[in-house]
>>> print(open('work28.cif').read())   # mmCIF, C-alpha atoms and all ligand atoms
data_final
#
loop_
_atom_site.label_atom_id
_atom_site.label_comp_id
_atom_site.auth_asym_id
_atom_site.auth_seq_id
_atom_site.Cartn_x
_atom_site.Cartn_y
_atom_site.Cartn_z
CA MET A 1 159.95 5.77 81.83
CA GLU A 2 159.42 9.20 83.33
CA ASN A 3 157.46 9.44 86.58
CA ILE A 4 154.01 11.03 86.58
CA TYR A 5 153.19 13.32 89.51
CA THR A 6 149.63 14.37 90.29
CA MET A 7 148.37 16.63 93.06
CA GLY A 8 144.96 16.51 94.74
CA ILE A 9 143.88 19.54 96.78
CA ASP A 10 140.87 19.38 99.12
CA VAL A 11 139.79 22.85 100.17
CA GLY A 12 137.44 21.98 103.04
CA SER A 13 135.29 24.16 105.26
CA THR A 14 137.62 23.75 108.23
CA ALA A 15 140.81 22.13 106.92
CA SER A 16 142.94 22.11 103.75
CA LYS A 17 144.47 18.83 102.63
CA CYS A 18 146.89 17.98 99.80
CA ILE A 19 148.31 14.74 98.43
CA ILE A 20 150.96 14.12 95.78
CA LEU A 21 150.83 10.77 94.00
CA LYS A 22 153.63 9.18 91.99
CA ASN A 23 152.44 7.15 88.99
CA GLY A 24 148.85 7.06 90.27
CA LYS A 25 149.54 4.73 93.19
CA GLU A 26 152.27 5.86 95.56
CA ILE A 27 151.59 8.67 98.03
CA ILE A 28 154.88 10.55 98.24
CA SER A 29 153.71 13.56 100.21
CA LYS A 30 150.69 14.80 102.16
CA SER A 31 149.82 17.93 104.09
CA LEU A 32 147.03 19.10 106.36
CA VAL A 33 146.44 22.63 107.60
CA ASP A 34 143.68 23.19 110.14
CA SER A 35 142.08 26.10 108.30
CA GLY A 36 139.96 25.89 105.24
CA THR A 37 138.43 27.97 102.49
CA GLY A 38 138.72 31.75 102.74
CA THR A 39 141.97 31.54 104.73
CA THR A 40 145.67 31.09 103.92
CA GLY A 41 145.16 27.37 104.71
CA PRO A 42 144.97 26.10 101.10
CA ALA A 43 148.12 28.02 100.02
CA ARG A 44 150.03 26.78 103.08
CA ALA A 45 148.93 23.17 102.48
CA ILE A 46 150.10 23.36 98.83
CA GLU A 47 153.45 24.90 99.78
CA SER A 48 154.02 22.26 102.46
CA VAL A 49 153.09 19.24 100.29
CA LEU A 50 155.55 20.36 97.57
CA LYS A 51 158.32 21.17 100.05
CA ASP A 52 158.03 17.76 101.72
CA CYS A 53 158.86 15.89 98.52
CA ASP A 54 161.18 18.55 97.10
CA LEU A 55 159.09 19.15 93.98
CA THR A 56 157.55 22.30 92.47
CA LYS A 57 154.13 23.08 91.01
CA GLU A 58 155.77 22.89 87.56
CA ASP A 59 156.78 19.26 88.23
CA MET A 60 153.11 18.31 88.60
CA ASN A 61 151.61 16.68 85.51
CA TYR A 62 148.05 17.37 86.59
CA ILE A 63 146.47 19.20 89.55
CA LEU A 64 142.85 18.66 90.57
CA ALA A 65 140.93 20.51 93.29
CA THR A 66 137.93 19.33 95.28
CA GLY A 67 136.03 20.29 98.42
CA TYR A 68 133.68 23.02 99.49
CA GLY A 69 136.10 25.82 98.50
CA ARG A 70 137.52 24.23 95.33
CA ASN A 71 136.41 27.20 93.19
CA SER A 72 138.69 29.51 95.16
CA ILE A 73 141.77 28.08 93.36
CA ASP A 74 141.59 29.10 89.72
CA TRP A 75 144.96 27.83 88.40
CA VAL A 76 144.28 24.09 88.75
CA ASP A 77 143.79 21.80 85.72
CA ALA A 78 140.36 20.59 86.83
CA GLU A 79 137.87 20.50 89.68
CA MET A 80 135.61 17.72 90.86
CA SER A 81 132.94 17.26 93.54
CA GLU A 82 134.09 15.81 96.84
CA LEU A 83 131.41 13.08 96.53
CA SER A 84 133.27 11.52 93.58
CA CYS A 85 136.66 12.02 95.23
CA HIS A 86 135.65 10.36 98.51
CA ALA A 87 134.18 7.43 96.57
CA LYS A 88 137.38 7.10 94.54
CA ALA A 89 139.67 7.19 97.58
CA ALA A 90 137.55 4.73 99.57
CA HIS A 91 137.68 2.24 96.67
CA PHE A 92 141.47 2.70 96.37
CA LEU A 93 142.00 2.10 100.11
CA PHE A 94 139.28 -0.57 100.58
CA PRO A 95 138.46 -2.35 97.27
CA ASN A 96 135.36 -4.05 98.77
CA VAL A 97 133.73 -0.81 99.90
CA ARG A 98 129.99 -0.40 99.16
CA THR A 99 129.11 2.37 101.62
CA VAL A 100 131.14 5.44 102.58
CA ILE A 101 130.23 7.63 105.54
CA ASP A 102 132.06 10.95 105.26
CA ILE A 103 131.72 13.35 108.19
CA GLY A 104 133.55 16.61 107.69
CA GLY A 105 133.65 20.01 109.31
CA GLN A 106 130.24 21.20 108.21
CA ASP A 107 128.42 18.37 106.51
CA ALA A 108 127.86 14.61 106.52
CA LYS A 109 127.41 12.41 103.48
CA VAL A 110 126.64 8.75 102.94
CA LEU A 111 127.70 7.36 99.56
CA ARG A 112 126.76 4.09 97.88
CA ILE A 113 129.49 2.59 95.73
CA SER A 114 129.32 0.00 92.96
CA GLU A 115 131.67 -2.99 92.69
CA GLN A 116 133.69 -0.94 90.19
CA GLY A 117 134.06 1.88 92.72
CA MET A 118 131.57 4.22 91.03
CA LEU A 119 129.24 6.47 93.02
CA THR A 120 125.66 5.20 92.54
CA ASN A 121 123.65 7.13 95.14
CA PHE A 122 124.12 9.44 98.11
CA ALA A 123 122.39 11.26 100.97
CA MET A 124 123.73 14.44 102.47
CA ASN A 125 123.16 16.77 105.40
CA ASP A 126 124.61 20.21 104.79
CA LYS A 127 121.72 22.15 106.32
CA CYS A 128 122.30 21.56 110.01
CA ALA A 129 125.41 21.39 112.22
CA ALA A 130 124.06 18.40 114.18
CA GLY A 131 125.74 15.20 113.02
CA THR A 132 128.80 17.04 111.64
CA GLY A 133 132.28 17.94 112.85
CA ARG A 134 130.99 21.38 113.78
CA PHE A 135 128.73 19.83 116.45
CA LEU A 136 131.76 18.08 117.98
CA ASP A 137 133.91 21.23 117.74
CA VAL A 138 131.23 23.30 119.55
CA MET A 139 130.80 20.65 122.27
CA ALA A 140 134.57 20.26 122.79
CA ARG A 141 134.82 24.01 123.32
CA ILE A 142 132.07 24.03 125.95
CA LEU A 143 133.66 21.08 127.74
CA GLU A 144 137.07 22.79 127.49
CA VAL A 145 138.73 19.73 125.98
CA ASN A 146 140.68 19.27 122.73
CA ILE A 147 138.92 17.69 119.78
CA ASP A 148 141.49 14.85 119.78
CA ASP A 149 140.73 14.07 123.47
CA LEU A 150 137.08 13.18 122.79
CA GLU A 151 137.95 9.61 121.77
CA VAL A 152 139.81 8.77 125.00
CA LEU A 153 137.15 10.46 127.15
CA SER A 154 134.24 8.55 125.59
CA ALA A 155 136.12 5.26 126.11
CA GLN A 156 136.15 6.02 129.87
CA SER A 157 132.38 6.46 130.06
CA THR A 158 130.47 4.13 132.38
CA LYS A 159 127.04 5.77 132.23
CA VAL A 160 125.76 7.29 129.03
CA ILE A 161 124.07 10.64 129.26
CA ASN A 162 121.44 11.07 126.60
CA ILE A 163 121.65 14.33 124.66
CA SER A 164 118.08 14.58 123.45
CA SER A 165 118.17 17.86 121.50
CA THR A 166 118.86 17.41 117.81
CA CYS A 167 119.56 21.14 117.40
CA THR A 168 123.19 22.14 118.13
CA VAL A 169 122.16 25.30 120.00
CA PHE A 170 119.73 23.43 122.27
CA ALA A 171 122.20 20.55 122.70
CA GLU A 172 124.76 23.14 123.83
CA SER A 173 122.37 24.28 126.61
CA GLU A 174 121.76 20.63 127.53
CA VAL A 175 125.51 20.00 127.90
CA ILE A 176 125.95 23.17 130.00
CA SER A 177 123.09 22.01 132.24
CA GLN A 178 124.72 18.53 132.59
CA LEU A 179 127.98 20.24 133.63
CA ALA A 180 126.06 22.25 136.22
CA HIS A 181 124.64 18.96 137.58
CA ASP A 182 128.20 17.62 137.99
CA SER A 183 127.81 14.91 135.35
CA GLN A 184 131.08 13.23 134.36
CA ILE A 185 132.63 14.79 131.25
CA CYS A 186 133.37 11.33 129.79
CA ASP A 187 129.67 10.36 130.05
CA ILE A 188 128.61 13.61 128.37
CA VAL A 189 131.14 12.99 125.58
CA LYS A 190 129.75 9.48 125.00
CA GLY A 191 126.26 11.02 124.79
CA ILE A 192 127.57 13.57 122.25
CA HIS A 193 129.07 10.79 120.13
CA ARG A 194 125.80 8.84 120.29
CA SER A 195 123.95 11.95 119.15
CA VAL A 196 126.22 12.33 116.08
CA ALA A 197 125.90 8.60 115.36
CA GLY A 198 122.10 8.77 115.62
CA ARG A 199 121.89 11.64 113.12
CA VAL A 200 124.30 10.06 110.64
CA SER A 201 122.72 6.60 110.84
CA GLY A 202 119.36 8.22 109.96
CA LEU A 203 121.04 9.63 106.86
CA ALA A 204 122.66 6.26 106.09
CA LYS A 205 119.38 4.38 106.31
CA ARG A 206 117.94 6.66 103.57
CA VAL A 207 120.35 5.19 101.01
CA GLY A 208 120.83 1.77 102.65
CA VAL A 209 123.96 0.44 104.30
CA GLU A 210 125.81 -2.43 102.68
CA ASP A 211 129.18 -3.99 103.68
CA ASP A 212 131.97 -3.02 103.50
CA VAL A 213 131.31 0.25 105.29
CA VAL A 214 134.15 2.80 105.29
CA MET A 215 134.29 6.07 107.19
CA SER A 216 136.21 9.02 105.76
CA GLY A 217 136.59 12.72 106.67
CA GLY A 218 138.15 14.34 109.72
CA VAL A 219 135.60 12.96 112.19
CA ALA A 220 136.77 9.40 111.34
CA ARG A 221 139.89 10.30 113.38
CA ASN A 222 137.66 10.14 116.45
CA LYS A 223 137.24 6.41 117.17
CA GLY A 224 134.57 7.32 119.75
CA VAL A 225 132.25 8.41 116.91
CA VAL A 226 133.26 5.37 114.82
CA THR A 227 132.38 3.02 117.72
CA SER A 228 129.03 4.75 118.38
CA LEU A 229 128.17 4.48 114.67
CA GLU A 230 129.12 0.79 114.64
CA GLU A 231 126.78 0.25 117.63
CA GLU A 232 123.99 2.23 115.94
CA LEU A 233 124.29 0.50 112.52
CA GLY A 234 125.24 -2.94 113.86
CA LYS A 235 128.06 -3.08 111.32
CA LYS A 236 131.86 -3.03 111.33
CA ILE A 237 133.23 0.28 110.03
CA HIS A 238 136.65 0.40 108.35
CA THR A 239 138.83 3.49 108.73
CA SER A 240 142.25 4.43 107.43
CA PRO A 241 144.90 6.74 108.90
CA LEU A 242 144.32 8.64 105.62
CA ALA A 243 140.60 9.21 106.41
CA GLN A 244 140.88 13.01 106.55
CA TYR A 245 142.93 13.02 103.33
CA SER A 246 140.32 11.05 101.38
CA GLY A 247 139.08 14.00 99.31
CA ALA A 248 142.65 14.99 98.38
CA LEU A 249 143.59 11.37 97.65
CA GLY A 250 140.55 10.90 95.38
CA ALA A 251 141.42 14.16 93.63
CA ALA A 252 145.03 13.02 93.02
CA LEU A 253 143.76 9.66 91.68
CA PHE A 254 141.33 11.40 89.28
CA ALA A 255 144.14 13.77 88.26
CA TYR A 256 146.22 10.74 87.24
CA GLN A 257 143.31 9.27 85.24
CA LYS A 258 142.71 12.60 83.48
CA PHE A 259 146.41 13.00 82.68
CA LYS A 260 146.56 9.49 81.18
CA LYS A 261 143.55 10.27 78.98
P1 LIG A 301 136.31 19.73 105.88
O1 LIG A 301 136.77 18.96 104.65
O2 LIG A 301 134.90 20.18 105.82
O3 LIG A 301 137.27 20.84 106.24
P2 LIG A 301 137.35 17.51 107.45
O4 LIG A 301 136.97 16.26 106.75
O5 LIG A 301 138.76 17.97 107.30
O6 LIG A 301 136.33 18.68 107.08
O7 LIG A 301 136.99 17.31 108.99
C1 LIG A 301 137.08 18.36 109.94
C2 LIG A 301 136.54 17.87 111.25
O8 LIG A 301 137.33 16.77 111.70
C3 LIG A 301 136.61 18.91 112.35
O9 LIG A 301 135.44 19.69 112.39
C4 LIG A 301 136.79 18.05 113.60
O10 LIG A 301 135.54 17.82 114.23
C5 LIG A 301 137.33 16.72 113.11
N1 LIG A 301 138.73 16.50 113.54
C6 LIG A 301 139.83 17.11 113.05
N2 LIG A 301 140.94 16.68 113.67
C7 LIG A 301 140.54 15.76 114.58
C8 LIG A 301 141.23 14.96 115.55
N3 LIG A 301 142.55 15.02 115.73
N4 LIG A 301 140.48 14.13 116.31
C9 LIG A 301 139.15 14.06 116.15
N5 LIG A 301 138.45 14.79 115.27
C10 LIG A 301 139.13 15.63 114.50
#
>>> encode(input="work28.cif", output="structure tokens", more="lines below")
Ligand code: ADP
Amino acid sequence: MENIYTMGIDVGSTASKCIILKNGKEIISKSLVDSGTGTTGPARAIESVLKDCDLTKEDMNYILATGYGRNSIDWVDAEMSELSCHAKAAHFLFPNVRTVIDIGGQDAKVLRISEQGMLTNFAMNDKCAAGTGRFLDVMARILEVNIDDLEVLSAQSTKVINISSTCTVFAESEVISQLAHDSQICDIVKGIHRSVAGRVSGLAKRVGVEDDVVMSGGVARNKGVVTSLEEELGKKIHTSPLAQYSGALGAALFAYQKFKK
């Protein structure tokens, strides 16, 4: 039997992700470029995912785009909202998932999932940078640390500094003032993670949190945020090394389903 190849493309606000699936279950290639919609990021991610598995666009049986900038690619076979794609990927990776917390570059979403893996309800914050990856990106810049160092720094914290402002701009001033008072960077980082966790848990409580809880999106790569959210919700949170690829993975899974139909 001939193999079926499907591609999922997630054109995010800050990063472009692609996944190629073989026969709807085996990930044979993935790519991530740290620039999103309105840049060359999506084209570079597509080129790289094909190159890695030595296939061409013409070898793809079905291509599906998702994410904030999905409308910017007009040659795909179909498009789908990232809500459905994140739900799909979470169910594929963790069959017992009932709640997905997806924190991306400019929004945060909490999804409720049925036993069959269908999206049943959601809450979303796309109005304010607080509680999103953008908040962490801004804070990392002020602290002059890399985004991937936040996790290690927060683990070193011995005294949590409370960041009381919910607004990113005011929180930025608060962090600058803490730096001026010689507070330890690791304690400030822990406070920043707690702030994100507080915002997102408020969102989660609007739709209810039921086990198993899975975190997807780029911010799931930061275990410091995952730990703060676990503390805030009082629940274990499952993450996968594919967390940031979840939108693309869900898109590739839907592409397979659509091709089979
Ligand atoms: P989008 O789909 O909106 O582009 P993503 O789900 O790709 O967003 O997440 C992007 C966010 O992930 C960034 O804003 C950043 O805060 C976070 N992030 C990216 N890489 C890392 C990393 N190595 N460690 C921690 N956080 C990261």
>>> closest_residue(input="work28.cif", among="A:Glu230, A:Glu2, A:Asp10, A:Glu174", to="A:Ile46", atoms="all atoms listed in the file")
A:Asp10
>>> residues_near_ligand(input="work28.cif", ligand="ligand LIG 301 (chain A)", cutoff="8 Å", atoms="only C-alpha atoms and all ligand atoms", output="PyMOL selection string")
chain A and resi 10-17+34-36+67-68+102-107+132-137+147-151+216-223+243-245+247
>>> residues_around(input="work28.cif", residues="A:Ile192", least_positions_apart="3", cutoff="10 Å", atoms="all atoms listed in the file", output="ChimeraX atom specification")
/A:131,135-136,139-140,150,154,160-164,171,175,186-189,195-198,224-225,228
>>> closest_residue(input="work28.cif", among="A:Val226, A:Val76, A:Ile28, A:Val214", to="A:His193", atoms="only C-alpha atoms")
A:Val226
>>> closest_residue(input="work28.cif", among="A:Asn96, A:Ser114, A:Gln184, A:Asn3", to="A:Asp59", atoms="all atoms listed in the file")
A:Asn3
>>> residues_around(input="work28.cif", residues="A:Pro95", least_positions_apart="3", cutoff="9 Å", atoms="all atoms listed in the file", output="ChimeraX atom specification")
/A:90-92,98,115-117
>>> atom_distance(input="work28.cif", atom1="atom CA of A:Ser165", atom2="atom CA of A:Lys190")
14.7 Å
>>> residues_around(input="work28.cif", residues="A:Ala89", least_positions_apart="3", cutoff="8 Å", atoms="all atoms listed in the file", output="PyMOL selection string")
chain A and resi 85-86+92-93+246-247+249-250+253
>>> atom_distance(input="work28.cif", atom1="atom CA of A:Cys167", atom2="atom CA of A:Arg199")
10.7 Å
>>> atom_distance(input="work28.cif", atom1="atom CA of A:Lys109", atom2="atom CA of A:Arg44")
26.8 Å
>>> closest_residue(input="work28.cif", among="A:Leu32, A:Val100, A:Ile73, A:Met60", to="A:Ile113", atoms="all atoms listed in the file")
A:Val100
>>> closest_residue(input="work28.cif", among="A:Lys205, A:Lys261, A:Lys127, A:Lys25", to="A:Thr168", atoms="only C-alpha atoms")
A:Lys127
>>> residues_near_point(input="work28.cif", point="(140.1, 20.4, 89.2)", cutoff="7 Å", atoms="all atoms listed in the file", output="list in words")
Ile63, Leu64, Ala65, Thr66, Val76, Asp77, Ala78, Glu79 and Met80 of chain A
>>> decode(input="work28.cif", residues="stretch 46-63 of chain A", atoms="N, CA and C atoms", output="compact mmCIF listing (two decimals), in the first residue's frame")
# COMPACT_ATOMS: atom_id res chain seq x y z
N ILE A 46 8.48 25.61 6.03
CA ILE A 46 7.97 24.63 5.05
C ILE A 46 9.15 24.02 4.27
N GLU A 47 10.06 24.87 3.84
CA GLU A 47 11.22 24.40 3.08
C GLU A 47 12.03 23.40 3.93
N SER A 48 12.22 23.74 5.19
CA SER A 48 13.05 22.92 6.07
C SER A 48 12.39 21.57 6.39
N VAL A 49 11.06 21.58 6.61
CA VAL A 49 10.39 20.31 6.97
C VAL A 49 10.43 19.33 5.79
N LEU A 50 10.35 19.86 4.56
CA LEU A 50 10.38 18.99 3.36
C LEU A 50 11.80 18.47 3.14
N LYS A 51 12.77 19.37 3.30
CA LYS A 51 14.17 19.01 3.09
C LYS A 51 14.60 17.90 4.05
N ASP A 52 14.18 18.01 5.30
CA ASP A 52 14.57 17.05 6.33
C ASP A 52 14.15 15.62 6.02
N CYS A 53 13.03 15.45 5.30
CA CYS A 53 12.60 14.08 5.01
C CYS A 53 12.72 13.78 3.52
N ASP A 54 13.38 14.69 2.80
CA ASP A 54 13.66 14.47 1.38
C ASP A 54 12.39 14.25 0.56
N LEU A 55 11.38 15.06 0.85
CA LEU A 55 10.13 14.99 0.08
C LEU A 55 9.85 16.38 -0.49
N THR A 56 8.89 16.45 -1.43
CA THR A 56 8.52 17.76 -2.00
C THR A 56 7.05 18.04 -1.67
N LYS A 57 6.65 19.28 -1.93
CA LYS A 57 5.26 19.67 -1.71
C LYS A 57 4.31 18.76 -2.50
N GLU A 58 4.77 18.37 -3.70
CA GLU A 58 3.95 17.52 -4.58
C GLU A 58 3.76 16.11 -3.99
N ASP A 59 4.67 15.68 -3.12
CA ASP A 59 4.52 14.36 -2.47
C ASP A 59 3.45 14.38 -1.38
N MET A 60 3.04 15.57 -0.96
CA MET A 60 2.07 15.67 0.13
C MET A 60 0.67 15.36 -0.39
N ASN A 61 -0.04 14.48 0.30
CA ASN A 61 -1.41 14.14 -0.11
C ASN A 61 -2.41 15.21 0.32
N TYR A 62 -2.09 15.89 1.42
CA TYR A 62 -3.01 16.92 1.91
C TYR A 62 -2.22 17.87 2.82
N ILE A 63 -2.45 19.17 2.65
CA ILE A 63 -1.73 20.17 3.46
C ILE A 63 -2.78 21.06 4.15
